[in-house]
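Participant: Here you go, input_36.csv (CSV, C-alpha atoms):
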```
chain,number,residue,atom,x,y,z
A,1,MET,CA,14.9,0.0,-25.6
A,2,ASN,CA,15.8,-0.1,-21.9
A,3,LYS,CA,16.4,-3.4,-20.3
A,4,LYS,CA,13.6,-4.5,-17.9
A,5,TYR,CA,14.2,-6.3,-14.6
A,6,THR,CA,12.2,-8.7,-12.6
A,7,HIS,CA,10.5,-7.6,-9.4
A,8,SER,CA,13.0,-9.6,-7.3
A,9,GLN,CA,16.0,-8.0,-9.1
A,10,VAL,CA,14.6,-4.5,-8.4
A,11,ARG,CA,13.9,-5.4,-4.8
A,12,ALA,CA,17.4,-6.6,-4.3
A,13,GLU,CA,18.6,-3.2,-5.4
A,14,MET,CA,16.1,-1.5,-3.1
A,15,LEU,CA,17.4,-3.4,-0.1
A,16,LYS,CA,20.8,-1.8,-0.6
A,17,LEU,CA,19.4,1.5,0.4
A,18,PRO,CA,19.8,2.6,4.0
A,19,GLU,CA,16.9,0.9,5.9
A,20,LYS,CA,16.5,3.8,8.4
A,21,GLU,CA,15.8,6.2,5.5
A,22,PHE,CA,13.5,4.0,3.4
A,23,TRP,CA,11.8,1.6,5.9
A,24,PRO,CA,11.0,-1.3,3.5
A,25,VAL,CA,8.1,-3.6,4.7
A,26,GLY,CA,10.4,-6.6,4.5
A,27,SER,CA,10.0,-9.8,2.5
A,28,GLU,CA,7.5,-11.5,4.8
A,29,ALA,CA,5.1,-8.5,4.8
A,30,GLY,CA,5.7,-8.0,1.1
A,31,ASN,CA,4.9,-11.6,0.2
A,32,PHE,CA,1.7,-11.3,2.3
A,33,LEU,CA,0.7,-8.2,0.2
A,34,LYS,CA,1.4,-10.2,-3.0
A,35,GLU,CA,-0.8,-13.1,-1.7
A,36,VAL,CA,-3.6,-10.8,-0.8
A,37,VAL,CA,-3.5,-9.2,-4.3
A,38,GLU,CA,-3.5,-12.6,-5.9
A,39,LYS,CA,-6.5,-13.7,-3.8
A,40,TYR,CA,-8.7,-10.6,-4.2
A,41,LYS,CA,-7.6,-9.6,-7.8
A,42,PRO,CA,-8.1,-5.9,-7.3
A,43,GLN,CA,-8.4,-3.6,-10.3
A,44,LYS,CA,-7.8,-0.3,-8.6
A,45,LEU,CA,-5.3,0.0,-5.8
A,46,LEU,CA,-4.1,2.9,-3.7
A,47,GLU,CA,-0.8,2.9,-1.8
A,48,ILE,CA,-0.1,5.7,0.7
A,49,GLY,CA,3.6,5.9,1.5
A,50,THR,CA,5.6,4.6,-1.5
A,51,SER,CA,9.1,5.2,0.0
A,52,SER,CA,11.5,3.5,-2.5
A,53,GLY,CA,8.7,1.4,-4.0
A,54,TYR,CA,9.6,-1.8,-2.3
A,55,SER,CA,6.0,-2.7,-1.2
A,56,THR,CA,4.8,-1.5,-4.6
A,57,THR,CA,6.9,-4.1,-6.4
A,58,TRP,CA,5.2,-6.9,-4.3
A,59,LEU,CA,1.8,-5.5,-5.3
A,60,LEU,CA,2.9,-5.4,-9.0
A,61,GLU,CA,4.1,-8.9,-8.8
A,62,GLY,CA,0.8,-10.1,-7.4
A,63,LEU,CA,-1.0,-8.3,-10.3
A,64,GLN,CA,1.0,-9.9,-13.1
A,65,ASP,CA,-2.1,-11.6,-14.6
A,66,ILE,CA,-4.5,-8.8,-13.9
A,67,THR,CA,-5.3,-5.5,-15.7
A,68,ALA,CA,-5.1,-3.0,-12.9
A,69,LYS,CA,-4.5,0.6,-11.9
A,70,ILE,CA,-2.2,1.5,-9.0
A,71,ILE,CA,-2.0,5.0,-7.5
A,72,THR,CA,0.9,5.3,-5.2
A,73,ILE,CA,1.7,8.5,-3.1
A,74,GLU,CA,5.0,9.6,-1.6
A,75,SER,CA,5.5,13.0,0.0
A,76,ASN,CA,9.3,13.0,0.2
A,77,GLN,CA,11.0,14.3,-3.0
A,78,SER,CA,14.2,12.2,-2.7
A,79,ARG,CA,12.2,8.9,-2.0
A,80,TYR,CA,9.8,9.8,-4.8
A,81,ASP,CA,12.7,10.2,-7.3
A,82,ILE,CA,14.3,6.9,-6.2
A,83,ALA,CA,11.1,5.0,-6.6
A,84,GLN,CA,10.5,6.6,-10.0
A,85,ASP,CA,13.9,5.3,-11.1
A,86,PHE,CA,13.1,1.8,-9.8
A,87,PHE,CA,9.7,1.7,-11.5
A,88,ALA,CA,11.2,2.6,-14.8
A,89,LYS,CA,13.2,-0.6,-14.6
A,90,LEU,CA,10.1,-2.8,-14.5
A,91,ASP,CA,7.9,-4.1,-17.3
A,92,LEU,CA,4.5,-3.0,-16.1
A,93,LYS,CA,2.6,-4.9,-18.9
A,94,ASN,CA,-1.1,-4.5,-18.0
A,95,ILE,CA,-0.6,-2.1,-15.1
A,96,ASN,CA,-1.4,1.6,-15.2
A,97,LEU,CA,1.0,3.0,-12.5
A,98,THR,CA,0.5,6.5,-11.3
A,99,HIS,CA,3.2,7.7,-8.9
A,100,LEU,CA,2.4,11.0,-7.2
A,101,ARG,CA,4.7,13.2,-5.1
A,102,HIS,CA,2.3,14.8,-2.8
A,103,HIS,CA,0.9,14.6,0.7
A,104,ALA,CA,-2.1,12.5,1.7
A,105,PRO,CA,-4.9,13.4,2.3
A,106,GLU,CA,-4.4,16.7,0.5
A,107,VAL,CA,-3.9,15.0,-2.8
A,108,PHE,CA,-7.1,13.1,-2.6
A,109,LYS,CA,-9.1,15.9,-4.1
A,110,GLU,CA,-7.0,15.7,-7.2
A,111,ILE,CA,-7.4,12.0,-7.9
A,112,ASP,CA,-10.3,9.6,-8.6
A,113,LEU,CA,-10.8,7.6,-5.5
A,114,THR,CA,-14.0,5.8,-6.6
A,115,ASN,CA,-14.1,2.0,-6.7
A,116,LEU,CA,-10.9,1.3,-4.7
A,117,ASP,CA,-10.5,-2.4,-4.4
A,118,PHE,CA,-7.3,-2.4,-2.3
A,119,ILE,CA,-5.6,0.2,-0.1
A,120,PHE,CA,-2.2,-0.2,1.5
A,121,CYS,CA,-1.6,2.5,4.2
A,122,ASP,CA,2.0,3.0,5.3
A,123,ALA,CA,1.8,6.7,6.1
A,124,ILE,CA,2.3,8.7,9.2
A,125,LYS,CA,0.9,6.4,11.9
A,126,MET,CA,-1.1,9.1,13.7
A,127,GLN,CA,-3.0,9.8,10.5
A,128,THR,CA,-4.2,6.2,10.0
A,129,LEU,CA,-7.6,6.7,11.5
A,130,SER,CA,-8.4,9.8,9.5
A,131,LEU,CA,-7.2,8.2,6.3
A,132,PHE,CA,-9.3,5.1,7.0
A,133,GLU,CA,-12.4,7.2,7.7
A,134,GLU,CA,-11.9,9.3,4.6
A,135,LEU,CA,-11.1,6.4,2.2
A,136,GLN,CA,-13.3,3.5,3.4
A,137,PRO,CA,-16.5,5.0,1.8
A,138,PHE,CA,-14.7,4.9,-1.6
A,139,MET,CA,-14.0,1.2,-1.4
A,140,THR,CA,-15.8,-1.5,-3.3
A,141,LYS,CA,-17.7,-4.2,-1.4
A,142,ASN,CA,-14.9,-6.7,-2.1
A,143,GLY,CA,-12.1,-4.2,-1.2
A,144,VAL,CA,-9.5,-4.6,1.5
A,145,PHE,CA,-7.7,-2.0,3.6
A,146,ILE,CA,-4.3,-3.0,4.9
A,147,VAL,CA,-2.2,-0.9,7.4
A,148,ASP,CA,1.5,-1.5,8.1
A,149,ASN,CA,3.4,-1.1,11.3
A,150,VAL,CA,0.5,-2.0,13.6
A,151,ILE,CA,2.6,-3.9,16.0
A,152,SER,CA,5.8,-1.8,16.0
A,153,HIS,CA,3.9,1.5,16.2
A,154,LYS,CA,0.8,0.4,18.1
A,155,ASN,CA,1.0,3.3,20.6
A,156,SER,CA,1.0,5.8,17.7
A,157,MET,CA,-2.2,4.2,16.3
A,158,GLN,CA,-4.1,3.7,19.6
A,159,ASN,CA,-6.9,6.0,18.3
A,160,PHE,CA,-7.2,3.7,15.3
A,161,TYR,CA,-7.4,0.6,17.4
A,162,ASP,CA,-10.0,2.3,19.7
A,163,TYR,CA,-12.1,3.2,16.7
A,164,LEU,CA,-12.1,-0.3,15.3
A,165,ASP,CA,-13.1,-1.7,18.7
A,166,GLU,CA,-15.8,1.0,19.4
A,167,ASN,CA,-17.3,0.4,16.0
A,168,ASN,CA,-17.1,-3.4,16.1
A,169,ILE,CA,-15.0,-3.4,12.9
A,170,ARG,CA,-13.5,-6.8,12.4
A,171,CYS,CA,-9.9,-7.0,11.4
A,172,GLN,CA,-7.1,-9.5,11.2
A,173,VAL,CA,-3.7,-8.7,12.7
A,174,ILE,CA,-1.0,-10.3,10.6
A,175,GLU,CA,2.2,-10.8,12.6
A,176,LYS,CA,4.6,-10.4,9.7
A,177,GLY,CA,7.3,-7.7,9.5
A,178,ALA,CA,6.2,-4.8,11.7
A,179,GLY,CA,2.7,-6.1,11.8
A,180,LEU,CA,-0.2,-5.5,9.4
A,181,ILE,CA,-4.0,-5.2,9.9
A,182,LEU,CA,-6.3,-6.4,7.2
A,183,ILE,CA,-9.9,-5.0,7.1
A,184,ASP,CA,-12.3,-6.7,4.7
A,185,ASN,CA,-14.8,-4.2,3.4
A,186,LYS,CA,-17.6,-6.8,3.0
A,187,GLN,CA,-18.5,-6.3,6.6
A,188,PHE,CA,-19.8,-2.8,5.9
A,189,TYR,CA,-22.3,-4.2,3.4
A,190,THR,CA,-24.1,-6.8,5.6
```
Once you've parsed the file, please lay out its structure as structure tokens.
Facilitator:
Amino acid sequence: MNKKYTHSQVRAEMLKLPEKEFWPVGSEAGNFLKEVVEKYKPQKLLEIGTSSGYSTTWLLEGLQDITAKIITIESNQSRYDIAQDFFAKLDLKNINLTHLRHHAPEVFKEIDLTNLDFIFCDAIKMQTLSLFEELQPFMTKNGVFIVDNVISHKNSMQNFYDYLDENNIRCQVIEKGAGLILIDNKQFYT
């Protein structure tokens, strides 16, 4: 039987990778993701933009006491393979982890998107709006949609910001890491 490692041990190994090739969210943003998962207790999560799996490990750590399914998508073969190797080192216990090497949104037609409780979007920034528009209808009432790099890449996401403003969609900007936006799906049910 292969030895299993803690989330923090695996993350320490991930941080040895070249940052400019893997763009980890960083510990502040990662810890925020973990706290959101612990608060909302999602059962079905979607992550777009796995890279090495650094953010995924934070999600997994937050899910330790929850039975859940995570679908994580990475388009780059090299990053996908590296993440697969890291995921194999973790004891996933009660987590069903599906790691896909594909492009979003093209892969969406191949997976069950119903009843998403949590979405973490760390994809191509110019796609953020189209991904939000496509995925939000699949989210549960208690779901949350989180986007990364909203401060560092704000100019690349201006259409997303404009859309949120024009449609009076409430969001919370989190000034951790490169900046995150959290959108609580409850507002679409009032």
Participant: Which residues are near region 5-15 of chain A? Cut-off 10 Å, all atoms listed in the file, ignore same chain within fewer than 3 positions. Put them as a PyMOL selection string.
Facilitator: chain A and resi 2+18-19+22-24+26-27+52-61+82-83+86-91
Participant: When you look at Phe160 (chain A) with a cut-off of 10 Å (counting all atoms listed in the file), what residues show up, excluding the ones that are within fewer than 2 positions of it in the same chain? I need them as a ChimeraX atom specification.
Facilitator: /A:125-130,132-133,150,154-158,162-166
Participant: Which protein, DNA or RNA residues have an atom at most 12 Å from (-18.0, -1.2, 13.2), counting all atoms listed in the file? List them as a PyMOL selection string.
Facilitator: chain A and resi 133+136+161-171+183-190
Participant: Any chance you could export the current selection's C-alpha atoms as a short mmCIF file (atom, residue, chain, number, x, y, z; two decimals), in the frame of the given file?
Facilitator:
```
data_model
loop_
_atom_site.label_atom_id
_atom_site.label_comp_id
_atom_site.auth_asym_id
_atom_site.auth_seq_id
_atom_site.Cartn_x
_atom_site.Cartn_y
_atom_site.Cartn_z
CA GLU A 133 -12.40 7.20 7.70
CA GLN A 136 -13.30 3.50 3.40
CA TYR A 161 -7.40 0.60 17.40
CA ASP A 162 -10.00 2.30 19.70
CA TYR A 163 -12.10 3.20 16.70
CA LEU A 164 -12.10 -0.30 15.30
CA ASP A 165 -13.10 -1.70 18.70
CA GLU A 166 -15.80 1.00 19.40
CA ASN A 167 -17.30 0.40 16.00
CA ASN A 168 -17.10 -3.40 16.10
CA ILE A 169 -15.00 -3.40 12.90
CA ARG A 170 -13.50 -6.80 12.40
CA CYS A 171 -9.90 -7.00 11.40
CA ILE A 183 -9.90 -5.00 7.10
CA ASP A 184 -12.30 -6.70 4.70
CA ASN A 185 -14.80 -4.20 3.40
CA LYS A 186 -17.60 -6.80 3.00
CA GLN A 187 -18.50 -6.30 6.60
CA PHE A 188 -19.80 -2.80 5.90
CA TYR A 189 -22.30 -4.20 3.40
CA THR A 190 -24.10 -6.80 5.60
#
```
Participant: Compile the contact shell of Gln77 (chain A) as an MDAnalysis selection string: residues with an atom at most 12 Å away, counting all atoms listed in the file, same-chain residues fewer than 5 positions apart removed.
Facilitator: chainID A and resid 50:52 82:84 99:103
Participant: Provide the CA of Cys121 (chain A) to CA of Lys93 (chain A) distance in Å, to one decimal place.
Facilitator: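 These atoms are spaced 24.6 Å apart.
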Participant: Enter the distance from CA of Gly177 (chain A) to CA of Asn94 (chain A), in Å, rounded to one decimal.
Facilitator: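 Between CA of Gly177 (chain A) and CA of Asn94 (chain A) the gap is 28.9 Å.
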Participant: Report, in Å to a single decimal, how far apart CA of Ile111 (chain A) and CA of Glu35 (chain A) are.
Facilitator: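 Atom-to-atom, CA of Glu35 (chain A) to CA of Ile111 (chain A), that is 26.7 Å.
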Participant: Name the closest residue to Val147 (chain A) among the candidates A:Gly49, A:Ala68, A:Asn159, A:Asp117; distances are taken between atoms, counting all atoms listed in the file.
Facilitator: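 Once distances to Val147 (chain A) are computed over all atoms listed in the file, the minimum belongs to A:Gly49.
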Participant: Using only C-alpha atoms, which of the listed residues (A:Phe118, A:Phe108, A:Phe32, A:Tyr40) sits closest to Ile70 (chain A)?
Facilitator: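 Looking at the shortest contact to Ile70 (chain A), the residue is A:Phe118.
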Participant: Need the shell around Ile66 (chain A): protein/DNA/RNA residues with any atom at most 8 Å away, counting only C-alpha atoms. Skip same-chain ones fewer than 2 positions apart. Format as a PyMOL selection string?
Facilitator: chain A and resi 41+43+63-64+68+94-95
Participant: Using all atoms listed in the file, which of the listed residues (A:Glu74, A:Glu110, A:Ala29, A:Leu116) sits closest to Val173 (chain A)?
Facilitator: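 Using all atoms listed in the file, the shortest distance to Val173 (chain A) belongs to A:Ala29.
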Participant: If you keep C-alpha atoms, can you output region 109-147 of chain A as a PDB file, in the first residue's frame?
Facilitator:
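Now in decode-v3.pdb:
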```pdb
ATOM      1  CA  LYS A 109     -21.619  18.374 -22.080  1.00  0.00           C
ATOM      2  CA  GLU A 110     -19.780  15.244 -20.902  1.00  0.00           C
ATOM      3  CA  ILE A 111     -20.278  15.681 -17.153  1.00  0.00           C
ATOM      4  CA  ASP A 112     -23.251  15.919 -14.819  1.00  0.00           C
ATOM      5  CA  LEU A 113     -23.444  19.547 -13.761  1.00  0.00           C
ATOM      6  CA  THR A 114     -26.698  19.283 -11.830  1.00  0.00           C
ATOM      7  CA  ASN A 115     -26.843  20.327  -8.191  1.00  0.00           C
ATOM      8  CA  LEU A 116     -23.486  22.074  -7.959  1.00  0.00           C
ATOM      9  CA  ASP A 117     -22.996  23.420  -4.435  1.00  0.00           C
ATOM     10  CA  PHE A 118     -19.604  25.039  -5.001  1.00  0.00           C
ATOM     11  CA  ILE A 119     -17.731  26.304  -8.052  1.00  0.00           C
ATOM     12  CA  PHE A 120     -14.173  27.587  -8.017  1.00  0.00           C
ATOM     13  CA  CYS A 121     -13.272  29.270 -11.291  1.00  0.00           C
ATOM     14  CA  ASP A 122      -9.573  29.831 -11.960  1.00  0.00           C
ATOM     15  CA  ALA A 123      -9.715  29.586 -15.746  1.00  0.00           C
ATOM     16  CA  ILE A 124      -8.862  31.942 -18.592  1.00  0.00           C
ATOM     17  CA  LYS A 125     -10.001  35.275 -17.195  1.00  0.00           C
ATOM     18  CA  MET A 126     -11.768  36.454 -20.352  1.00  0.00           C
ATOM     19  CA  GLN A 127     -13.991  33.352 -20.086  1.00  0.00           C
ATOM     20  CA  THR A 128     -15.182  34.103 -16.559  1.00  0.00           C
ATOM     21  CA  LEU A 129     -18.464  35.716 -17.606  1.00  0.00           C
ATOM     22  CA  SER A 130     -19.434  32.993 -20.066  1.00  0.00           C
ATOM     23  CA  LEU A 131     -18.555  30.290 -17.518  1.00  0.00           C
ATOM     24  CA  PHE A 132     -20.639  32.019 -14.845  1.00  0.00           C
ATOM     25  CA  GLU A 133     -23.624  32.409 -17.185  1.00  0.00           C
ATOM     26  CA  GLU A 134     -23.437  28.763 -18.225  1.00  0.00           C
ATOM     27  CA  LEU A 135     -22.901  27.266 -14.766  1.00  0.00           C
ATOM     28  CA  GLN A 136     -25.000  29.421 -12.416  1.00  0.00           C
ATOM     29  CA  PRO A 137     -28.307  27.782 -13.497  1.00  0.00           C
ATOM     30  CA  PHE A 138     -26.914  24.390 -12.397  1.00  0.00           C
ATOM     31  CA  MET A 139     -26.164  25.584  -8.875  1.00  0.00           C
ATOM     32  CA  THR A 140     -28.186  24.723  -5.809  1.00  0.00           C
ATOM     33  CA  LYS A 141     -29.886  27.446  -3.808  1.00  0.00           C
ATOM     34  CA  ASN A 142     -27.145  27.238  -1.165  1.00  0.00           C
ATOM     35  CA  GLY A 143     -24.321  27.162  -3.709  1.00  0.00           C
ATOM     36  CA  VAL A 144     -21.386  29.551  -3.977  1.00  0.00           C
ATOM     37  CA  PHE A 145     -19.435  30.639  -7.040  1.00  0.00           C
ATOM     38  CA  ILE A 146     -15.874  31.815  -6.375  1.00  0.00           C
ATOM     39  CA  VAL A 147     -13.564  33.396  -8.941  1.00  0.00           C
TER      40      VAL A 147
END
```
